[in-house]
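Undergrad: Enclosed is the structure file my_file.csv (CSV, C-alpha atoms).
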chain,number,residue,atom,x,y,z
A,1,MET,CA,0.0,0.0,0.0
A,2,LYS,CA,1.4,3.4,-1.0
A,3,PRO,CA,2.3,5.8,1.9
A,4,ALA,CA,-0.1,8.6,0.6
A,5,PHE,CA,-2.9,6.1,0.2
A,6,LEU,CA,-2.2,4.5,3.6
A,7,THR,CA,-2.3,7.9,5.3
A,8,ALA,CA,-5.6,8.8,3.7
A,9,TYR,CA,-7.0,5.4,4.6
A,10,LEU,CA,-6.0,5.8,8.3
A,11,ILE,CA,-7.5,9.3,8.4
A,12,ILE,CA,-10.8,8.0,7.0
A,13,VAL,CA,-10.9,5.0,9.4
A,14,THR,CA,-10.1,7.2,12.4
A,15,PHE,CA,-12.8,9.7,11.5
A,16,PHE,CA,-15.3,6.9,11.0
A,17,ALA,CA,-14.4,5.2,14.3
A,18,TYR,CA,-14.7,8.5,16.2
A,19,GLY,CA,-18.1,9.1,14.5
A,20,GLN,CA,-19.2,5.7,15.6
A,21,GLU,CA,-18.2,6.3,19.2
A,22,GLN,CA,-19.8,9.7,19.8
A,23,LYS,CA,-23.1,11.1,18.5
A,24,VAL,CA,-24.2,14.7,18.8
A,25,VAL,CA,-27.8,15.0,20.1
A,26,GLY,CA,-29.6,18.0,18.6
A,27,ASP,CA,-33.2,17.3,20.0
A,28,CYS,CA,-34.0,15.8,23.3
A,29,THR,CA,-36.0,16.1,26.5
A,30,VAL,CA,-34.6,14.7,29.8
A,31,THR,CA,-36.4,14.7,33.1
A,32,PHE,CA,-34.5,14.3,36.4
A,33,GLY,CA,-35.8,13.3,39.8
A,34,ILE,CA,-34.3,15.4,42.7
A,35,SER,CA,-33.5,14.0,46.1
A,36,GLY,CA,-31.4,15.0,49.2
A,37,ASN,CA,-29.7,13.0,51.9
A,38,ASP,CA,-30.5,15.4,54.7
A,39,PRO,CA,-34.1,15.0,56.1
A,40,SER,CA,-34.8,18.7,56.0
A,41,THR,CA,-33.5,19.1,52.5
A,42,ALA,CA,-35.4,16.0,51.3
A,43,LYS,CA,-38.6,17.5,52.7
A,44,ASP,CA,-38.0,20.8,50.8
A,45,LEU,CA,-37.2,18.9,47.6
A,46,ALA,CA,-40.3,16.7,47.8
A,47,GLY,CA,-42.1,16.9,44.4
A,48,SER,CA,-39.2,18.7,42.7
A,49,VAL,CA,-38.4,17.9,39.1
A,50,LYS,CA,-35.8,19.1,36.7
A,51,THR,CA,-36.4,19.0,32.9
A,52,LEU,CA,-33.8,19.7,30.3
A,53,TYR,CA,-34.8,20.6,26.7
A,54,ILE,CA,-32.3,20.8,23.8
A,55,ARG,CA,-33.1,22.0,20.3
A,56,GLY,CA,-30.1,22.7,18.1
A,57,LYS,CA,-28.1,25.5,19.8
A,58,LEU,CA,-30.9,26.3,22.3
A,59,SER,CA,-31.3,24.8,25.7
A,60,ARG,CA,-33.8,25.2,28.5
A,61,VAL,CA,-33.7,23.9,32.1
A,62,ASP,CA,-36.8,24.0,34.2
A,63,ILE,CA,-36.7,23.4,38.0
A,64,SER,CA,-40.1,23.1,39.6
A,65,ASN,CA,-41.5,22.2,43.0
A,66,PRO,CA,-44.9,23.0,44.6
A,67,SER,CA,-43.7,26.5,45.8
A,68,TYR,CA,-41.1,27.6,43.3
A,69,GLN,CA,-40.4,27.5,39.6
A,70,GLN,CA,-37.4,28.6,37.5
A,71,SER,CA,-36.5,28.3,33.9
A,72,VAL,CA,-33.2,29.1,32.3
A,73,ILE,CA,-33.2,29.6,28.5
A,74,TYR,CA,-29.8,29.7,26.9
A,75,ASN,CA,-28.7,30.5,23.4
A,76,ASN,CA,-25.4,28.7,22.7
A,77,THR,CA,-24.9,30.8,19.5
A,78,THR,CA,-25.1,34.3,21.1
A,79,GLY,CA,-24.2,33.3,24.7
A,80,ASP,CA,-27.3,35.2,26.0
A,81,ALA,CA,-29.6,33.8,28.7
A,82,VAL,CA,-33.0,34.5,30.1
A,83,ILE,CA,-34.0,33.5,33.6
A,84,LEU,CA,-37.7,33.1,34.5
A,85,GLN,CA,-38.8,32.7,38.1
A,86,GLN,CA,-42.1,32.3,39.8
A,87,VAL,CA,-42.6,32.4,43.6
A,88,GLY,CA,-46.2,32.1,44.5
A,89,THR,CA,-48.1,34.4,42.2
A,90,ASN,CA,-45.1,36.7,41.6
A,91,LYS,CA,-43.2,36.3,38.3
A,92,TYR,CA,-39.8,37.7,37.4
A,93,ILE,CA,-37.6,37.8,34.4
A,94,SER,CA,-33.9,38.5,34.1
A,95,ARG,CA,-32.1,39.0,30.8
A,96,LEU,CA,-28.4,38.3,30.7
A,97,SER,CA,-25.9,39.2,28.0
A,98,ALA,CA,-23.1,36.7,27.3
A,99,GLU,CA,-20.8,38.8,29.5
A,100,LYS,CA,-23.3,38.7,32.4
A,101,TRP,CA,-23.9,35.0,32.0
A,102,ASN,CA,-20.2,34.3,32.2
A,103,LEU,CA,-19.9,36.6,35.2
A,104,LYS,CA,-22.9,34.8,37.0
A,105,ASN,CA,-21.2,31.5,36.4
A,106,SER,CA,-17.6,32.6,37.2
A,107,HIS,CA,-17.4,30.4,40.3
A,108,TYR,CA,-17.4,27.4,37.9
A,109,GLN,CA,-14.4,28.7,36.0
A,110,GLY,CA,-11.2,26.9,36.8
A,111,THR,CA,-13.1,23.7,37.9
A,112,LYS,CA,-10.8,20.7,38.2
A,113,PHE,CA,-12.2,17.5,36.7
A,114,SER,CA,-11.1,13.9,37.3
A,115,PHE,CA,-12.5,10.7,35.8
A,116,SER,CA,-12.5,7.2,37.1
A,117,GLY,CA,-13.2,3.7,35.6
A,118,ASP,CA,-16.4,3.3,37.6
A,119,THR,CA,-19.5,2.8,35.5
A,120,LYS,CA,-23.2,2.8,36.2
A,121,THR,CA,-26.2,2.0,33.9
A,122,ILE,CA,-28.8,4.8,33.7
A,123,LEU,CA,-31.8,4.5,31.4
A,124,GLY,CA,-30.0,1.7,29.5
A,125,TYR,CA,-26.9,3.7,28.9
A,126,GLU,CA,-23.5,2.8,30.4
A,127,CYS,CA,-22.3,5.9,32.2
A,128,LYS,CA,-18.8,6.7,33.4
A,129,ARG,CA,-18.1,8.4,36.7
A,130,GLY,CA,-16.4,11.7,37.1
A,131,SER,CA,-15.9,14.3,39.9
A,132,ALA,CA,-15.3,18.0,40.0
A,133,ILE,CA,-13.9,20.4,42.5
A,134,LEU,CA,-14.6,24.1,42.2
A,135,LYS,CA,-12.2,26.8,43.2
A,136,ASP,CA,-14.3,27.7,46.3
A,137,GLY,CA,-14.0,24.1,47.6
A,138,CYS,CA,-17.5,23.0,46.6
A,139,SER,CA,-17.7,19.7,44.7
A,140,PHE,CA,-19.9,17.5,42.6
A,141,THR,CA,-19.8,14.0,41.2
A,142,PHE,CA,-21.5,12.9,38.0
A,143,TYR,CA,-22.2,10.0,35.6
A,144,TYR,CA,-22.1,10.8,31.9
A,145,VAL,CA,-22.7,8.9,28.7
A,146,PRO,CA,-19.5,9.2,26.6
A,147,SER,CA,-21.2,8.0,23.4
A,148,ILE,CA,-23.5,11.1,23.1
A,149,LEU,CA,-22.9,14.8,23.3
A,150,PRO,CA,-25.6,17.6,23.6
A,151,SER,CA,-25.6,20.1,20.7
A,152,ALA,CA,-26.0,22.9,23.2
A,153,THR,CA,-23.8,23.2,26.2
A,154,GLU,CA,-23.3,25.6,29.1
A,155,ASN,CA,-26.8,25.1,30.6
A,156,PRO,CA,-26.1,24.0,33.2
A,157,TYR,CA,-22.8,25.9,32.9
A,158,GLN,CA,-20.8,23.4,35.0
A,159,PHE,CA,-21.3,20.7,32.4
A,160,LYS,CA,-19.8,22.5,29.5
A,161,ASP,CA,-16.4,20.7,29.7
A,162,ILE,CA,-17.6,17.2,30.5
A,163,PRO,CA,-17.0,14.9,27.5
A,164,GLY,CA,-20.5,13.4,27.3
A,165,PHE,CA,-24.1,13.7,28.3
A,166,VAL,CA,-24.7,13.9,32.1
A,167,LEU,CA,-27.5,11.7,33.3
A,168,GLU,CA,-26.8,11.9,37.1
A,169,TYR,CA,-25.0,14.3,39.3
A,170,GLU,CA,-24.6,14.9,43.1
A,171,ILE,CA,-23.8,18.3,44.6
A,172,THR,CA,-22.1,18.6,48.0
A,173,GLU,CA,-22.0,21.9,49.7
A,174,LYS,CA,-18.6,23.1,51.0
A,175,GLY,CA,-18.0,22.1,54.6
A,176,THR,CA,-21.1,19.8,54.9
A,177,THR,CA,-22.2,16.3,54.1
A,178,SER,CA,-25.5,17.5,52.7
A,179,THR,CA,-26.0,16.4,49.1
A,180,ILE,CA,-28.6,16.9,46.4
A,181,THR,CA,-28.8,14.3,43.7
A,182,TYR,CA,-30.3,14.7,40.2
A,183,THR,CA,-31.0,11.4,38.4
A,184,ALA,CA,-32.4,11.1,34.9
A,185,ASP,CA,-35.6,9.0,34.9
A,186,LYS,CA,-36.8,9.6,31.4
A,187,ILE,CA,-35.2,10.7,28.1
A,188,ASN,CA,-36.6,11.0,24.6
A,189,PHE,CA,-35.2,12.2,21.3
A,190,ASN,CA,-38.4,13.6,19.8
A,191,PRO,CA,-38.2,17.1,18.2
A,192,VAL,CA,-38.6,19.8,20.9
A,193,PRO,CA,-41.2,22.5,19.9
A,194,GLU,CA,-39.6,25.8,19.1
A,195,SER,CA,-42.2,27.4,21.4
A,196,LYS,CA,-40.3,26.0,24.4
A,197,PHE,CA,-37.8,28.8,23.9
A,198,ASP,CA,-40.2,31.7,23.5
A,199,ILE,CA,-39.5,34.5,25.8
A,200,PRO,CA,-42.6,36.0,27.5
A,201,THR,CA,-43.2,39.7,26.8
A,202,THR,CA,-45.9,40.3,29.4
A,203,GLY,CA,-46.8,39.1,32.9
A,204,TYR,CA,-43.2,39.2,34.4
A,205,LEU,CA,-41.5,41.9,36.4
A,206,GLN,CA,-38.0,42.8,35.3
A,207,ARG,CA,-35.4,41.8,37.8
A,208,ASP,CA,-31.8,43.0,38.2
A,209,ASN,CA,-29.3,40.8,36.3
A,210,SER,CA,-27.5,40.1,39.5
A,211,VAL,CA,-30.3,38.0,40.8
A,212,SER,CA,-29.0,34.7,42.2
A,213,GLN,CA,-29.5,31.5,40.2
A,214,ASN,CA,-30.5,28.3,42.0
A,215,SER,CA,-28.4,25.2,41.6
A,216,GLN,CA,-29.3,23.1,38.6
What is this structure when it is put down as C-alpha cells?

TA:
Amino acid sequence: MKPAFLTAYLIIVTFFAYGQEQKVVGDCTVTFGISGNDPSTAKDLAGSVKTLYIRGKLSRVDISNPSYQQSVIYNNTTGDAVILQQVGTNKYISRLSAEKWNLKNSHYQGTKFSFSGDTKTILGYECKRGSAILKDGCSFTFYYVPSILPSATENPYQFKDIPGFVLEYEITEKGTTSTITYTADKINFNPVPESKFDIPTTGYLQRDNSVSQNSQ
C-alpha cells in the first residue's frame, strides 16, 4: 500500500471510528428526579423535578416544585440567557448578556475534573463516573454517557467541559455532608417544539441581572 494512500485510509478509518463512538444529540427532553440525603433538604425537595430541553443550539432547564419554579433559557450561539422565576403568584424575568452570563457562572471557571473507571447504567446507557472540585471548595460527582454529546452546552454551565451527556450528578455543599442528587428518569429524542424557547413579553417583572441562580 502506497504511503499517501495509507495515510488517507487511516484518516478515514479514524474519523469513521470516532463518529461511531460519539453522536451529537440535537433534539431531546430529559427529566430528572431530585433528592437529598438530609431530612430537612429532602422535605424541601419533595415533588421537585428538573427538565432539560435541547433544540439545536438552544437549551432550556426547568426546575419546579410546589412552591417555586425557575426556567433558564440559553442560546449557545449568542451566549445570551433569560431566567424566569415564579414564587407564589409573583413572576420575574432577568435577561443576561453573554458577559453577564459568564460573570454569573464565574465560580465554575477553573473547575478541576477527574475521571474514574467506575460505571453505572442509567436508562439503559453505560455511564462513566467523574468528579469536579470548584475553586471555592464545593464539589460534585457525575455520571455521563461518553457516546453522546448535547448540541447545546453551558446550561447548566458546570457541564460544558464534560465529554459526554450527564444523566446523574450529586452536589455537595462546602464544609457539609449535605448532598442533592439529580438522576435522569426519562429521556426521549423527539423534536422539541420551538415554542419551548419563546421569551414571554408580558406578565413578568424585570429583575436585576445580578439575581442569584439556583443550583441546577

Undergrad: Could you check which of A:Ser71, A:Asn76, A:Thr181, A:Thr176 is closest to A:Phe32, using only C-alpha atoms?

TA: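 The shortest atom-to-atom distance to A:Phe32 comes from A:Thr181.
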
Undergrad: Leaving out A:Asp198 and any residue of its chain fewer than 4 positions from it, which residues lie within 10 Å of it when counting all atoms listed in the file, given as a ChimeraX atom specification?

TA: /A:73,193-194

Undergrad: Based on the selection just made, write C-alpha atoms of those residues as a PDB file, in the frame of the given file.

TA:
ATOM      1  CA  ILE A  73     -33.200  29.600  28.500  1.00  0.00           C
ATOM      2  CA  PRO A 193     -41.200  22.500  19.900  1.00  0.00           C
ATOM      3  CA  GLU A 194     -39.600  25.800  19.100  1.00  0.00           C
TER       4      GLU A 194
END

Undergrad: What is the atom CA of A:Tyr68-atom CA of A:Gly88 distance in Å, reported with one decimal?

TA: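 Distance reported for this atom pair: 6.9 Å.
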
Undergrad: Taking all atoms listed in the file into account, which of A:Leu167, A:Asn155, A:Leu103, A:Thr172 comes nearest A:Lys186?

TA: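 Among A:Leu167, A:Asn155, A:Leu103, A:Thr172, it is A:Leu167 that comes nearest to A:Lys186.
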
Undergrad: Compare A:Leu123, A:Cys138, A:Gln70, A:Ile83 by their minimum atom-to-atom distance to A:Ser178, counting all atoms listed in the file, and give me the closest one.

TA: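 Of A:Leu123, A:Cys138, A:Gln70, A:Ile83, the one nearest A:Ser178 is A:Cys138, counting all atoms listed in the file.
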
Undergrad: What does the structure give for the distance between atom CA of A:Tyr182 and atom CA of A:Leu96, in Å to one decimal?

TA: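 Going from atom CA of A:Tyr182 over to atom CA of A:Leu96, I get 25.5 Å.
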
Undergrad: Ranking A:Leu84, A:Leu205, A:Ile180, A:Ile187 by minimum distance to A:Asp38 and counting only C-alpha atoms, which one comes first?

TA: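 Looking at the shortest contact to A:Asp38, the residue is A:Ile180.
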